[in-house]
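J.: Got a structure here, written out as structure tokens. Questions coming.
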Amino acid sequence: MNIRADVLRIINKVVGNVSYLEVSFFDNDIISSLQQIDYFQKKYGFSGLALEFIDVKTSRDLYERVRSKSAAMKDDYLTFCIEIFLKFSVDILRSRTFTKEESLKIVEQLSAGMTNRIIVEPDTLDKVLFSKLYSEVLKSIRKGGIPAIGGVNENELKSRLTLAVYRVTSETILDTNLPLLNLTKKGNEVIHFLSSIEKVFEIRVPYSEVGKLNIFTSVYKWLQFQRPGNKFTKESIEQEIMTIAARVFGDSNLLTLLDMTNFIERKYDITISKSDLLSSIGVKSFIALVARSLKEQKPQLTAAMANIEDRVRDATSEYFAEKEMSSDRPDDEHQEDNKFIEDIEKRFNIRFATYDLMQLQNLNSIVTTVERLVRTNRVAEKFPGLLPSVGPLSAFIKSEIFKLASENTKKNESAMMTDLGAVDAPKKIDSMRSIEIVVQLENAFGIKIPQDMLYLIETPDQIVALVEKLVAEKESRLLPPEQKGGGDITDKL
């Protein structure tokens, strides 16, 4: 297990080092679905639209759909299914859980090709992921000695176990776990989004390349390659993509962000990069981006401004005032996401304005904003007993907010146990990112991150080091005394 790679993947999924579109709409299963579409296009010459895969729900229907649109299709149904499984087994098995009966059949199937029979404790094999099943097989081999493995190395063993899974489950595992056959609402929207990109820009999207670069750079590159000499400018490409995304995904915040940016562009007669806009995280990044655009494009204007960033803040406040959004609250579509904010308001008897919501980006910013509102609203005087009379106020607020965030996040705990892509940061704000990272890491590695250590973490490397430490401590507790300090199974294989 590569703990560092897994930790950074979780952090990047939640926080993101790519644009808002990639973070919000492109998760592992969606990227895998797009790669499967690309596979059918290249291997079989599939000539239909990507939209034709949206209503396909079984491997048999998938075979018929591909065959009907592929002149080069020669495979029969069983060959088609086996090749798909072997090609995308990592994605298929990522979140698949096996019953005790299935697990025992898989182990028995694996044993058929071994020198000695592999015996695994049945009680350890109920409702397990593939990684757990593989781990139990390795433990069995460690107990039984090297002859049980028949001379194969660890990678070969995993390949044989994967094949044993297919022999037991056959094509039904494609029906239940192939990402393309199990598209979520978000997955459907992504395919509609990319299909709209193809239609508007008159290009063919190479689905295997989606997610490698931000969508703005990708479309620009595809246009240059497929339509050299096209009339689209960088600004017009970005504006079109933003408009398509807002329409297809129906995200009110994306529409607001685009509308507010257009308002500021008109006010100051400047152009703001939409790619940089969506790559920025939080109100501070947004204000810095606008201020930089002003300095670059209107140097004479900015030279006369005492504080450019304050002027930008005034412009955003003006926008919200013009739209009469100061008392707006999220719609029912994002009710669960925004219950966290409502719980904070009830707990401290405060009210967040829209501008306050824009500043909530992480745990510390929430604490700072709540503390400011508590003091300015004189909550302690108006509601005696609500706040502690002794001790630091910020420490109390921090503890209470962590409890509220944890309670709101636990609603999705069962989904996170099997699929890290099942939980998204709130749509109205992204203030629960730090809490989401913690919960996802705890579920992914089966550890508990102490609350008091959370506030000392400032960099991804510190998170990696902490998780590695906690995982090592957990594994040390699980090992029997005679195995503690023993060699790695890889060395013995």
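Going by the structure tokens order, chains are called A, B, ..., each with residues numbered from 1, while ligands are numbered from 1 in the order shown.
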Which residues come within 10 Å of A:Ile203, counting only C-alpha atoms, excluding same-chain residues fewer than 4 positions away, as a list of chain:residue names?

T.: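 Once the nearby chain positions are removed, what remains is A:Ser195, A:Ile197, A:Glu198, A:Lys199, A:Val219, A:Trp222, A:Leu223, A:Phe225, A:Gln226, A:Arg227.
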
J.: May I have the selected residues written with N, CA and C atoms, as an mmCIF file, in the first residue's frame?

T.:
data_model
loop_
_atom_site.group_PDB
_atom_site.id
_atom_site.type_symbol
_atom_site.label_atom_id
_atom_site.label_comp_id
_atom_site.auth_asym_id
_atom_site.auth_seq_id
_atom_site.Cartn_x
_atom_site.Cartn_y
_atom_site.Cartn_z
ATOM 1 N N SER A 195 -20.364 16.458 -24.465
ATOM 2 C CA SER A 195 -21.058 16.403 -25.760
ATOM 3 C C SER A 195 -21.417 17.815 -26.234
ATOM 4 N N ILE A 197 -19.669 20.454 -25.466
ATOM 5 C CA ILE A 197 -18.376 21.003 -25.879
ATOM 6 C C ILE A 197 -18.103 20.617 -27.340
ATOM 7 N N GLU A 198 -18.371 19.346 -27.670
ATOM 8 C CA GLU A 198 -18.153 18.873 -29.043
ATOM 9 C C GLU A 198 -19.037 19.639 -30.033
ATOM 10 N N LYS A 199 -20.281 19.858 -29.650
ATOM 11 C CA LYS A 199 -21.224 20.517 -30.553
ATOM 12 C C LYS A 199 -20.891 21.996 -30.752
ATOM 13 N N VAL A 219 -9.567 22.082 -24.165
ATOM 14 C CA VAL A 219 -10.374 22.504 -25.314
ATOM 15 C C VAL A 219 -9.540 23.358 -26.262
ATOM 16 N N TRP A 222 -7.351 20.956 -28.181
ATOM 17 C CA TRP A 222 -8.114 20.178 -29.157
ATOM 18 C C TRP A 222 -8.505 21.040 -30.362
ATOM 19 N N LEU A 223 -8.872 22.284 -30.103
ATOM 20 C CA LEU A 223 -9.219 23.194 -31.195
ATOM 21 C C LEU A 223 -8.020 23.448 -32.107
ATOM 22 N N PHE A 225 -5.499 21.561 -32.630
ATOM 23 C CA PHE A 225 -5.131 20.350 -33.365
ATOM 24 C C PHE A 225 -6.171 19.981 -34.424
ATOM 25 N N GLN A 226 -7.455 20.074 -34.054
ATOM 26 C CA GLN A 226 -8.515 19.614 -34.945
ATOM 27 C C GLN A 226 -9.032 20.703 -35.886
ATOM 28 N N ARG A 227 -8.939 21.964 -35.437
ATOM 29 C CA ARG A 227 -9.438 23.058 -36.267
ATOM 30 C C ARG A 227 -8.426 24.206 -36.310
#

J.: Which residue gives the smallest distance to A:Phe263 among A:Thr243, A:Glu318, A:Leu301, A:Val471, with only C-alpha atoms counted?

T.: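 Of A:Thr243, A:Glu318, A:Leu301, A:Val471, the one nearest A:Phe263 is A:Glu318, counting only C-alpha atoms.
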
J.: Rounded to one decimal in Å, what is the spacing between atom CA of A:Val137 and atom CA of A:Thr79?

T.: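 These atoms are spaced 28.2 Å apart.
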
J.: For atom CA of A:Glu171 and atom CA of A:Ser59, quote the distance in Å rounded to one decimal.

T.: 6.9 Å

J.: Name all residues at most 10 Å from A:Leu386 (count only C-alpha atoms; drop same-chain ones fewer than 6 positions away) and give them as a count of residues only.

T.: 5

J.: Can you work out the spacing between atom CA of A:Glu265 and atom CA of A:Ala306 in Å, to one decimal?

T.: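 Between these atoms lies a distance of 20.1 Å.
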
J.: Apply DSSP to the backbone of this structure and, from stretch 76-325 of chain A, keep only the residues in strand (DSSP E or B); write these as an NGL selection string.

T.: :A and (97-98 or 128-129 or 210 or 213)
